[in-house]
file upload08.cif (mmCIF, C-alpha atoms)
data_model
#
loop_
_atom_site.label_atom_id
_atom_site.label_comp_id
_atom_site.auth_asym_id
_atom_site.auth_seq_id
_atom_site.Cartn_x
_atom_site.Cartn_y
_atom_site.Cartn_z
CA MET A 15 141.91 101.77 89.21
CA PRO A 16 141.42 98.47 87.31
CA HIS A 17 137.92 97.75 86.08
CA ARG A 18 136.07 94.74 87.48
CA TYR A 19 134.37 91.92 85.61
CA TYR A 20 132.10 89.18 86.85
CA PHE A 21 132.84 85.48 86.47
CA ASP A 22 130.35 82.93 87.81
CA GLY A 23 132.77 80.31 89.05
CA PRO A 24 135.71 79.66 91.38
CA LEU A 25 138.72 81.97 91.23
CA LEU A 26 142.07 80.23 91.71
CA GLU A 27 145.52 81.65 91.26
CA GLY A 28 147.12 80.50 88.01
CA THR A 29 143.87 79.52 86.30
CA THR A 30 142.52 80.86 83.00
CA ILE A 31 139.23 82.75 83.13
CA HIS A 32 136.72 82.64 80.27
CA LEU A 33 134.37 85.59 80.70
CA ALA A 34 130.76 85.37 79.55
CA LYS A 35 129.94 87.09 76.25
CA ASP A 36 128.33 90.13 77.89
CA GLU A 37 131.29 90.69 80.21
CA LEU A 38 133.83 90.20 77.44
CA LYS A 39 131.91 92.59 75.18
CA HIS A 40 131.88 95.18 77.95
CA LEU A 41 135.62 94.75 78.49
CA LYS A 42 136.52 95.07 74.81
CA ASN A 43 133.89 97.31 73.22
CA VAL A 44 132.65 99.51 76.07
CA MET A 45 135.74 99.95 78.21
CA ARG A 46 138.09 99.53 75.20
CA THR A 47 140.57 97.71 77.38
CA LYS A 48 144.01 97.45 75.81
CA LYS A 49 146.20 94.38 75.90
CA GLY A 50 148.48 94.47 78.91
CA ALA A 51 146.02 96.45 81.05
CA GLU A 52 145.37 95.29 84.61
CA ILE A 53 141.85 94.01 85.28
CA GLU A 54 140.03 92.49 88.25
CA ILE A 55 137.73 89.48 88.30
CA ILE A 56 135.08 88.89 90.96
CA ASN A 57 132.72 85.95 91.44
CA GLY A 58 130.25 87.39 93.95
CA LYS A 59 131.43 84.96 96.63
CA GLY A 60 134.10 87.08 98.25
CA ALA A 61 137.01 86.41 95.89
CA LEU A 62 138.94 89.09 94.02
CA GLY A 63 141.21 87.93 91.21
CA LYS A 64 143.86 90.05 89.54
CA ALA A 65 144.95 89.53 85.95
CA THR A 66 146.49 91.17 82.91
CA PHE A 67 144.28 91.40 79.83
CA ALA A 68 145.73 89.24 77.05
CA GLU A 69 144.60 86.50 74.65
CA GLU A 70 144.15 84.42 77.79
CA ILE A 71 143.06 85.96 81.09
CA ILE A 72 145.17 84.23 83.73
CA LEU A 73 144.81 85.08 87.40
CA TYR A 74 148.13 85.92 89.00
CA GLU A 75 146.69 86.72 92.44
CA VAL A 76 143.46 85.96 94.31
CA LEU A 77 142.32 87.64 97.53
CA GLU A 78 139.49 86.40 99.74
CA GLN A 79 137.11 88.39 101.93
CA LYS A 80 135.16 87.00 104.90
CA THR A 81 131.41 86.55 104.47
CA PRO A 82 129.65 89.63 105.91
CA VAL A 83 126.84 89.52 108.44
CA GLU A 84 123.54 89.35 106.56
CA LYS A 85 121.74 92.64 106.07
CA GLY A 86 118.49 92.02 104.24
CA LEU A 87 115.50 93.73 102.70
CA ALA A 88 112.11 92.07 102.41
CA LEU A 89 110.41 94.11 99.70
CA ALA A 90 106.74 94.01 98.82
CA LEU A 91 106.26 93.87 95.05
CA THR A 92 106.03 97.28 93.40
CA GLU A 93 106.25 98.58 89.87
CA PRO A 94 109.33 97.01 88.19
CA LYS A 95 111.17 100.33 87.78
CA VAL A 96 110.65 101.14 91.45
CA LEU A 97 111.79 97.69 92.54
CA GLU A 98 114.84 97.79 90.29
CA LEU A 99 115.95 101.17 91.63
CA ALA A 100 115.54 100.04 95.24
CA ILE A 101 117.51 96.84 94.64
CA GLU A 102 120.28 98.60 92.74
CA LYS A 103 120.87 101.27 95.39
CA ALA A 104 120.48 98.87 98.31
CA THR A 105 123.10 96.58 96.78
CA GLU A 106 125.48 99.52 96.44
CA VAL A 107 125.23 100.37 100.15
CA GLY A 108 125.74 96.79 101.31
CA ILE A 109 122.53 94.77 101.45
CA THR A 110 123.39 91.07 101.15
CA ALA A 111 119.96 89.44 100.80
CA PHE A 112 116.64 90.33 99.18
CA TYR A 113 113.22 88.71 99.65
CA ILE A 114 110.58 89.81 97.15
CA PHE A 115 106.94 89.02 97.88
CA PRO A 116 103.45 90.21 96.86
CA SER A 117 101.38 92.10 99.42
CA HIS A 118 97.65 92.87 99.56
CA LYS A 119 98.17 96.31 98.02
CA SER A 120 100.81 95.36 95.47
CA LYS A 121 99.65 96.35 92.00
CA LEU A 122 101.82 93.59 90.60
CA LYS A 123 101.50 90.09 92.07
CA VAL A 124 104.22 88.25 90.17
CA LEU A 125 107.32 89.09 88.14
CA SER A 126 107.91 87.59 84.70
CA ASP A 127 111.04 85.55 84.03
CA ASN A 128 112.39 88.44 81.96
CA LYS A 129 111.94 90.87 84.85
CA ARG A 130 113.66 88.45 87.23
CA ASP A 131 116.57 88.04 84.84
CA ARG A 132 116.86 91.82 84.54
CA ILE A 133 116.96 92.21 88.32
CA GLU A 134 119.70 89.60 88.60
CA LYS A 135 121.76 91.52 86.04
CA ILE A 136 121.19 94.71 88.03
CA LEU A 137 122.54 92.96 91.12
CA VAL A 138 125.75 92.04 89.30
CA SER A 139 126.14 95.53 87.85
CA ALA A 140 125.58 97.23 91.22
CA MET A 141 128.03 94.86 92.92
CA LYS A 142 130.73 95.70 90.37
CA GLN A 143 130.03 99.44 90.43
CA SER A 144 130.22 99.65 94.23
CA LYS A 145 133.39 97.51 94.39
CA ARG A 146 131.73 94.90 96.58
CA LEU A 147 132.83 91.28 96.51
CA PHE A 148 129.62 89.52 97.49
CA LEU A 149 126.63 89.20 95.16
CA PRO A 150 123.43 89.56 97.19
CA THR A 151 121.12 86.57 97.25
CA ILE A 152 117.56 87.10 96.05
CA GLU A 153 114.44 85.02 96.59
CA PHE A 154 111.17 85.59 94.78
CA LEU A 155 108.39 84.43 97.11
CA SER A 156 104.76 83.75 96.25
CA LYS A 157 103.44 85.00 99.62
CA LYS A 158 104.58 86.69 102.81
CA GLU A 159 104.27 83.44 104.75
CA GLU A 160 107.34 82.16 102.89
CA LEU A 161 109.61 84.73 104.52
CA PRO A 162 112.18 82.78 106.58
CA LYS A 163 111.21 82.81 110.24
CA LYS A 164 114.78 82.59 111.52
CA GLU A 165 115.43 86.21 110.59
CA SER A 166 115.48 89.18 112.95
CA TYR A 167 112.98 91.53 111.32
CA LEU A 168 112.45 95.27 111.44
CA LEU A 169 109.31 96.84 109.99
CA ALA A 170 109.17 100.33 108.53
CA ASP A 171 106.43 101.82 110.69
CA PHE A 172 105.25 105.41 111.36
CA ASN A 173 104.51 104.36 114.93
CA GLY A 174 107.83 102.62 115.36
CA GLU A 175 110.84 103.36 117.53
CA SER A 176 114.13 104.95 116.54
CA TYR A 177 116.57 102.59 114.87
CA GLU A 178 119.32 101.10 117.02
CA LYS A 179 122.49 99.68 115.50
CA SER A 180 123.10 95.98 115.89
CA PRO A 181 126.03 93.74 114.91
CA LEU A 182 123.58 90.90 114.32
CA ALA A 183 121.86 89.88 111.08
CA GLN A 184 118.74 91.95 110.42
CA THR A 185 116.15 92.24 107.67
CA PHE A 186 113.98 95.32 107.05
CA ILE A 187 110.44 94.80 105.74
CA ILE A 188 109.35 97.52 103.31
CA GLY A 189 105.81 97.93 101.97
CA PRO A 190 104.45 98.78 98.51
CA GLU A 191 103.32 102.24 97.34
CA SER A 192 100.11 102.13 99.40
CA GLY A 193 101.60 100.47 102.46
CA PHE A 194 100.68 97.26 104.24
CA SER A 195 97.23 96.24 105.42
CA ARG A 196 96.49 95.90 109.16
CA GLU A 197 96.40 92.14 108.72
CA GLU A 198 99.86 92.12 107.19
CA ILE A 199 101.32 94.36 109.89
CA ALA A 200 99.87 92.04 112.54
CA PHE A 201 101.43 89.04 110.79
CA PHE A 202 104.86 90.64 110.63
CA LYS A 203 104.80 91.61 114.29
CA GLU A 204 103.09 88.54 115.75
CA GLU A 205 104.36 85.74 113.51
CA LEU A 206 107.78 87.07 112.57
CA GLY A 207 108.49 89.12 115.69
CA ALA A 208 109.18 92.25 113.64
CA ARG A 209 109.96 95.41 115.58
CA GLY A 210 108.52 98.65 114.25
CA VAL A 211 111.11 101.27 113.27
CA LEU A 212 110.49 104.86 112.21
CA LEU A 213 112.47 105.65 109.04
CA SER A 214 111.37 109.26 108.67
CA ASP A 215 108.78 111.77 109.80
CA ALA A 216 107.97 112.29 106.11
CA VAL A 217 105.96 109.99 103.87
CA LEU A 218 108.50 108.13 101.75
CA ARG A 219 108.10 106.49 98.39
CA ALA A 220 108.63 102.73 98.43
CA GLU A 221 112.05 102.97 96.80
CA THR A 222 113.14 105.79 99.11
CA ALA A 223 112.09 103.80 102.18
CA ALA A 224 114.06 100.80 100.93
CA ILE A 225 117.18 102.89 100.34
CA CYS A 226 116.88 104.55 103.76
CA ALA A 227 116.48 101.17 105.47
CA ALA A 228 119.46 99.79 103.57
CA HIS A 229 121.57 102.75 104.66
CA LEU A 230 120.65 102.25 108.31
CA LEU A 231 121.59 98.57 108.16
CA SER A 232 124.89 99.42 106.45
CA LEU A 233 125.97 101.56 109.42
CA CYS A 234 126.28 98.52 111.67
#

call {"tool": "encode", "arguments": {"input": "upload08.cif", "output": "structure tokens"}}
result
Amino acid sequence: MPHRYYFDGPLLEGTTIHLAKDELKHLKNVMRTKKGAEIEIINGKGALGKATFAEEIILYEVLEQKTPVEKGLALALTEPKVLELAIEKATEVGITAFYIFPSHKSKLKVLSDNKRDRIEKILVSAMKQSKRLFLPTIEFLSKKEELPKKESYLLADFNGESYEKSPLAQTFIIGPESGFSREEIAFFKEELGARGVLLSDAVLRAETAAICAAHLLSLC
């Protein structure tokens, strides 16, 4: 199976693609791709380009995929390693949008530019690894009130109902290591109309809850 590489731009049949340094280095030095080998180029916007590796990478075919229904995760800020794992695995199973925000019990209230850049690279890597064609969007919010109110929200809740599949766009709200405060839960349910959903009878780590929620959404 041809390996995939990311190109941040339009993919058009017959055009020459100039990969970024990191992608080109991966192609040549890590994958040791030989001249004449078939490769695939994706742009995270639903396009899949096919090309033969040569001095110039020229697309000889481009396929397009329809935009999927949004499946989102609204994640309270956690330790960077926990957040990165959750985002990586959720991307692999099909989450298309992430909203990151600080909660009352978040140990970390803001992510540095370096951490944000690292997460964006993880998104690209997970998209390529899972053979998906759409790069998830990600928004770093300064407070929960910035969560878009047009969404249909589900809230991971021990007192919630069983999850029911839906063909409509949905976003799961997942708390930090110590959970949400009563005030936050009230906000999600009253202001955002979030419906409580039971993920498991067991107490889950933040990253495990995020991955479980992502899996449920992917079944729709």

call {"tool": "residues_around", "arguments": {"input": "upload08.cif", "residues": "Arg132 (chain A)", "least_positions_apart": "2", "cutoff": "12 Å", "atoms": "only C-alpha atoms", "output": "list in words"}}
result
Pro94, Lys95, Leu97, Glu98, Leu99, Ile101, Glu102, Leu125, Ser126, Asp127, Asn128, Lys129, Arg130, Glu134, Lys135, Ile136, Leu137, Val138 and Ser139 of chain A

call {"tool": "closest_residue", "arguments": {"input": "upload08.cif", "among": "A:Met15, A:Leu233, A:Ile56, A:Leu213", "to": "Ile31 (chain A)", "atoms": "only C-alpha atoms"}}
result
A:Ile56

call {"tool": "residues_around", "arguments": {"input": "upload08.cif", "residues": "Gly174 (chain A)", "least_positions_apart": "6", "cutoff": "7 Å", "atoms": "only C-alpha atoms", "output": "PDB file with C-alpha atoms, in the frame of the given file"}}
result
ATOM      1  CA  GLY A 210     108.520  98.650 114.250  1.00  0.00           C
ATOM      2  CA  VAL A 211     111.110 101.270 113.270  1.00  0.00           C
ATOM      3  CA  LEU A 212     110.490 104.860 112.210  1.00  0.00           C
TER       4      LEU A 212
END

call {"tool": "closest_residue", "arguments": {"input": "upload08.cif", "among": "A:Arg46, A:Lys203, A:Arg196, A:Lys123", "to": "Lys157 (chain A)", "atoms": "all atoms listed in the file"}}
result
A:Lys123

call {"tool": "residues_near_point", "arguments": {"input": "upload08.cif", "point": "(119.1, 90.3, 94.5)", "cutoff": "8 Å", "atoms": "all atoms listed in the file", "output": "list in words"}}
result
Ile101, Thr105, Thr110, Ala111, Phe112, Tyr113, Ile133, Glu134, Leu137, Leu149, Pro150, Thr151, Ile152 and Glu153 of chain A

call {"tool": "resolve_selection", "arguments": {"input": "upload08.cif", "expression": "the PyMOL selection byres ((chain A and resi 178) around 10)", "output": "list in words"}}
result
Glu175, Ser176, Tyr177, Lys179, Ser180, Val211, Leu230, Leu231 and Cys234 of chain A

call {"tool": "resolve_selection", "arguments": {"input": "upload08.cif", "expression": "the PyMOL selection byres ((chain A and resi 217-223) around 10)", "output": "MDAnalysis selection string"}}
result
chainID A and resid 89:93 95:101 103:104 170 172 186:193 213:216 224:229

call {"tool": "atom_distance", "arguments": {"input": "upload08.cif", "atom1": "CA of Glu106 (chain A)", "atom2": "CA of Lys145 (chain A)"}}
result
8.4 Å

call {"tool": "closest_residue", "arguments": {"input": "upload08.cif", "among": "A:Val107, A:Ile55, A:Leu87, A:Leu38", "to": "Glu69 (chain A)", "atoms": "all atoms listed in the file"}}
result
A:Leu38

call {"tool": "atom_distance", "arguments": {"input": "upload08.cif", "atom1": "CA of Leu33 (chain A)", "atom2": "CA of Arg146 (chain A)"}}
result
18.6 Å

call {"tool": "closest_residue", "arguments": {"input": "upload08.cif", "among": "A:Leu122, A:Ile109, A:Val76, A:Met45", "to": "Thr185 (chain A)", "atoms": "only C-alpha atoms"}}
result
A:Ile109

call {"tool": "closest_residue", "arguments": {"input": "upload08.cif", "among": "A:Leu161, A:Ile72, A:Ala61, A:Leu147", "to": "Gly86 (chain A)", "atoms": "all atoms listed in the file"}}
result
A:Leu161

call {"tool": "resolve_selection", "arguments": {"input": "upload08.cif", "expression": "the PyMOL selection byres ((chain A and resi 183) around 9)", "output": "number ranges by chain"}}
result
A: 83-86, 165-166, 180-182, 184-185

call {"tool": "atom_distance", "arguments": {"input": "upload08.cif", "atom1": "CA of Asn43 (chain A)", "atom2": "CA of Glu78 (chain A)"}}
result
29.2 Å

call {"tool": "closest_residue", "arguments": {"input": "upload08.cif", "among": "A:Glu27, A:Asp22, A:Glu197, A:Asp171", "to": "Lys59 (chain A)", "atoms": "all atoms listed in the file"}}
result
A:Asp22

call {"tool": "decode", "arguments": {"input": "upload08.cif", "residues": "region 42-170 of chain A", "atoms": "C-alpha atoms", "output": "PDB file, in the first residue's frame"}}
result
ATOM      1  CA  LYS A  42      13.352   9.999   1.715  1.00  0.00           C
ATOM      2  CA  ASN A  43      15.160   9.234   4.981  1.00  0.00           C
ATOM      3  CA  VAL A  44      12.579   7.408   7.103  1.00  0.00           C
ATOM      4  CA  MET A  45      10.566   5.494   4.525  1.00  0.00           C
ATOM      5  CA  ARG A  46      13.543   5.278   2.113  1.00  0.00           C
ATOM      6  CA  THR A  47      11.204   5.648  -0.822  1.00  0.00           C
ATOM      7  CA  LYS A  48      12.798   4.678  -4.118  1.00  0.00           C
ATOM      8  CA  LYS A  49      12.367   6.557  -7.364  1.00  0.00           C
ATOM      9  CA  GLY A  50       9.437   5.183  -9.307  1.00  0.00           C
ATOM     10  CA  ALA A  51       7.505   4.136  -6.185  1.00  0.00           C
ATOM     11  CA  GLU A  52       3.825   5.013  -5.946  1.00  0.00           C
ATOM     12  CA  ILE A  53       2.930   7.534  -3.229  1.00  0.00           C
ATOM     13  CA  GLU A  54      -0.234   9.283  -2.086  1.00  0.00           C
ATOM     14  CA  ILE A  55      -0.698  12.942  -1.208  1.00  0.00           C
ATOM     15  CA  ILE A  56      -3.467  14.236   1.063  1.00  0.00           C
ATOM     16  CA  ASN A  57      -4.348  17.805   2.037  1.00  0.00           C
ATOM     17  CA  GLY A  58      -6.705  17.195   4.961  1.00  0.00           C
ATOM     18  CA  LYS A  59      -9.642  18.597   2.988  1.00  0.00           C
ATOM     19  CA  GLY A  60     -10.940  15.388   1.465  1.00  0.00           C
ATOM     20  CA  ALA A  61      -8.628  15.104  -1.541  1.00  0.00           C
ATOM     21  CA  LEU A  62      -6.403  12.113  -2.279  1.00  0.00           C
ATOM     22  CA  GLY A  63      -3.716  12.579  -4.914  1.00  0.00           C
ATOM     23  CA  LYS A  64      -1.744   9.778  -6.531  1.00  0.00           C
ATOM     24  CA  ALA A  65       1.774  10.245  -7.858  1.00  0.00           C
ATOM     25  CA  THR A  66       5.022   8.499  -8.703  1.00  0.00           C
ATOM     26  CA  PHE A  67       8.058   9.556  -6.689  1.00  0.00           C
ATOM     27  CA  ALA A  68      10.581  11.257  -8.982  1.00  0.00           C
ATOM     28  CA  GLU A  69      12.597  14.489  -9.142  1.00  0.00           C
ATOM     29  CA  GLU A  70       9.220  16.178  -9.472  1.00  0.00           C
ATOM     30  CA  ILE A  71       6.116  14.830  -7.749  1.00  0.00           C
ATOM     31  CA  ILE A  72       3.318  15.222 -10.287  1.00  0.00           C
ATOM     32  CA  LEU A  73      -0.223  14.152  -9.487  1.00  0.00           C
ATOM     33  CA  TYR A  74      -1.640  11.849 -12.122  1.00  0.00           C
ATOM     34  CA  GLU A  75      -4.986  11.294 -10.370  1.00  0.00           C
ATOM     35  CA  VAL A  76      -6.992  13.076  -7.667  1.00  0.00           C
ATOM     36  CA  LEU A  77      -9.998  11.629  -5.841  1.00  0.00           C
ATOM     37  CA  GLU A  78     -12.403  13.634  -3.679  1.00  0.00           C
ATOM     38  CA  GLN A  79     -14.375  12.538  -0.628  1.00  0.00           C
ATOM     39  CA  LYS A  80     -17.522  14.233   0.692  1.00  0.00           C
ATOM     40  CA  THR A  81     -17.229  16.221   3.910  1.00  0.00           C
ATOM     41  CA  PRO A  82     -18.309  13.977   6.818  1.00  0.00           C
ATOM     42  CA  VAL A  83     -20.885  14.909   9.426  1.00  0.00           C
ATOM     43  CA  GLU A  84     -19.098  16.636  12.305  1.00  0.00           C
ATOM     44  CA  LYS A  85     -18.236  14.450  15.268  1.00  0.00           C
ATOM     45  CA  GLY A  86     -16.560  16.560  17.926  1.00  0.00           C
ATOM     46  CA  LEU A  87     -14.884  16.410  21.297  1.00  0.00           C
ATOM     47  CA  ALA A  88     -14.858  19.332  23.707  1.00  0.00           C
ATOM     48  CA  LEU A  89     -11.950  18.500  26.004  1.00  0.00           C
ATOM     49  CA  ALA A  90     -11.155  20.192  29.282  1.00  0.00           C
ATOM     50  CA  LEU A  91      -7.448  20.968  29.545  1.00  0.00           C
ATOM     51  CA  THR A  92      -5.393  18.174  31.084  1.00  0.00           C
ATOM     52  CA  GLU A  93      -1.722  17.333  31.288  1.00  0.00           C
ATOM     53  CA  PRO A  94      -0.191  17.706  27.778  1.00  0.00           C
ATOM     54  CA  LYS A  95       0.660  13.999  27.438  1.00  0.00           C
ATOM     55  CA  VAL A  96      -2.894  13.033  28.364  1.00  0.00           C
ATOM     56  CA  LEU A  97      -4.379  15.560  25.958  1.00  0.00           C
ATOM     57  CA  GLU A  98      -2.077  14.504  23.133  1.00  0.00           C
ATOM     58  CA  LEU A  99      -2.963  10.824  23.542  1.00  0.00           C
ATOM     59  CA  ALA A 100      -6.691  11.581  23.576  1.00  0.00           C
ATOM     60  CA  ILE A 101      -6.461  13.751  20.456  1.00  0.00           C
ATOM     61  CA  GLU A 102      -4.308  11.251  18.580  1.00  0.00           C
ATOM     62  CA  LYS A 103      -6.592   8.276  19.215  1.00  0.00           C
ATOM     63  CA  ALA A 104      -9.797  10.259  18.698  1.00  0.00           C
ATOM     64  CA  THR A 105      -8.512  11.445  15.319  1.00  0.00           C
ATOM     65  CA  GLU A 106      -7.766   7.857  14.333  1.00  0.00           C
ATOM     66  CA  VAL A 107     -11.350   6.743  15.024  1.00  0.00           C
ATOM     67  CA  GLY A 108     -12.926   9.635  13.143  1.00  0.00           C
ATOM     68  CA  ILE A 109     -13.380  12.762  15.263  1.00  0.00           C
ATOM     69  CA  THR A 110     -13.523  15.792  12.961  1.00  0.00           C
ATOM     70  CA  ALA A 111     -13.439  18.709  15.420  1.00  0.00           C
ATOM     71  CA  PHE A 112     -11.784  19.452  18.761  1.00  0.00           C
ATOM     72  CA  TYR A 113     -12.513  22.250  21.237  1.00  0.00           C
ATOM     73  CA  ILE A 114      -9.954  22.629  24.017  1.00  0.00           C
ATOM     74  CA  PHE A 115     -10.837  24.743  27.047  1.00  0.00           C
ATOM     75  CA  PRO A 116      -9.745  25.211  30.681  1.00  0.00           C
ATOM     76  CA  SER A 117     -12.088  24.032  33.427  1.00  0.00           C
ATOM     77  CA  HIS A 118     -12.201  24.836  37.148  1.00  0.00           C
ATOM     78  CA  LYS A 119     -10.238  21.702  38.016  1.00  0.00           C
ATOM     79  CA  SER A 120      -7.784  21.785  35.133  1.00  0.00           C
ATOM     80  CA  LYS A 121      -4.241  21.781  36.485  1.00  0.00           C
ATOM     81  CA  LEU A 122      -3.144  23.567  33.334  1.00  0.00           C
ATOM     82  CA  LYS A 123      -5.043  26.686  32.251  1.00  0.00           C
ATOM     83  CA  VAL A 124      -3.338  27.479  28.956  1.00  0.00           C
ATOM     84  CA  LEU A 125      -1.161  25.703  26.400  1.00  0.00           C
ATOM     85  CA  SER A 126       2.074  27.232  25.129  1.00  0.00           C
ATOM     86  CA  ASP A 127       2.544  27.883  21.426  1.00  0.00           C
ATOM     87  CA  ASN A 128       4.987  24.967  21.293  1.00  0.00           C
ATOM     88  CA  LYS A 129       2.405  22.604  22.795  1.00  0.00           C
ATOM     89  CA  ARG A 130      -0.218  23.806  20.316  1.00  0.00           C
ATOM     90  CA  ASP A 131       2.158  23.281  17.411  1.00  0.00           C
ATOM     91  CA  ARG A 132       2.931  19.777  18.675  1.00  0.00           C
ATOM     92  CA  ILE A 133      -0.774  18.924  18.868  1.00  0.00           C
ATOM     93  CA  GLU A 134      -1.325  20.141  15.315  1.00  0.00           C
ATOM     94  CA  LYS A 135       1.495  17.868  14.130  1.00  0.00           C
ATOM     95  CA  ILE A 136      -0.094  14.974  16.011  1.00  0.00           C
ATOM     96  CA  LEU A 137      -3.352  15.641  14.167  1.00  0.00           C
ATOM     97  CA  VAL A 138      -1.598  15.384  10.807  1.00  0.00           C
ATOM     98  CA  SER A 139       0.279  12.242  11.817  1.00  0.00           C
ATOM     99  CA  ALA A 140      -2.866  10.523  13.128  1.00  0.00           C
ATOM    100  CA  MET A 141      -4.797  11.464   9.988  1.00  0.00           C
ATOM    101  CA  LYS A 142      -2.115   9.911   7.781  1.00  0.00           C
ATOM    102  CA  GLN A 143      -1.727   6.807   9.940  1.00  0.00           C
ATOM    103  CA  SER A 144      -5.465   6.078   9.981  1.00  0.00           C
ATOM    104  CA  LYS A 145      -5.833   6.703   6.222  1.00  0.00           C
ATOM    105  CA  ARG A 146      -8.357   9.477   6.748  1.00  0.00           C
ATOM    106  CA  LEU A 147      -8.721  12.322   4.275  1.00  0.00           C
ATOM    107  CA  PHE A 148      -9.964  15.101   6.526  1.00  0.00           C
ATOM    108  CA  LEU A 149      -7.747  16.886   9.044  1.00  0.00           C
ATOM    109  CA  PRO A 150      -9.776  17.623  12.183  1.00  0.00           C
ATOM    110  CA  THR A 151     -10.250  21.261  13.080  1.00  0.00           C
ATOM    111  CA  ILE A 152      -9.066  22.374  16.508  1.00  0.00           C
ATOM    112  CA  GLU A 153      -9.919  25.461  18.522  1.00  0.00           C
ATOM    113  CA  PHE A 154      -8.106  26.499  21.687  1.00  0.00           C
ATOM    114  CA  LEU A 155     -10.614  28.400  23.832  1.00  0.00           C
ATOM    115  CA  SER A 156      -9.920  30.601  26.835  1.00  0.00           C
ATOM    116  CA  LYS A 157     -13.128  29.597  28.661  1.00  0.00           C
ATOM    117  CA  LYS A 158     -16.067  27.217  28.412  1.00  0.00           C
ATOM    118  CA  GLU A 159     -18.399  30.052  27.440  1.00  0.00           C
ATOM    119  CA  GLU A 160     -16.648  30.181  24.058  1.00  0.00           C
ATOM    120  CA  LEU A 161     -17.915  26.741  23.083  1.00  0.00           C
ATOM    121  CA  PRO A 162     -20.151  27.210  20.010  1.00  0.00           C
ATOM    122  CA  LYS A 163     -23.797  27.138  21.031  1.00  0.00           C
ATOM    123  CA  LYS A 164     -25.021  25.723  17.733  1.00  0.00           C
ATOM    124  CA  GLU A 165     -23.637  22.295  18.572  1.00  0.00           C
ATOM    125  CA  SER A 166     -25.617  19.300  19.818  1.00  0.00           C
ATOM    126  CA  TYR A 167     -23.751  18.388  23.001  1.00  0.00           C
ATOM    127  CA  LEU A 168     -23.414  15.207  25.001  1.00  0.00           C
ATOM    128  CA  LEU A 169     -21.847  15.240  28.462  1.00  0.00           C
ATOM    129  CA  ALA A 170     -19.961  12.309  29.954  1.00  0.00           C
TER     130      ALA A 170
END
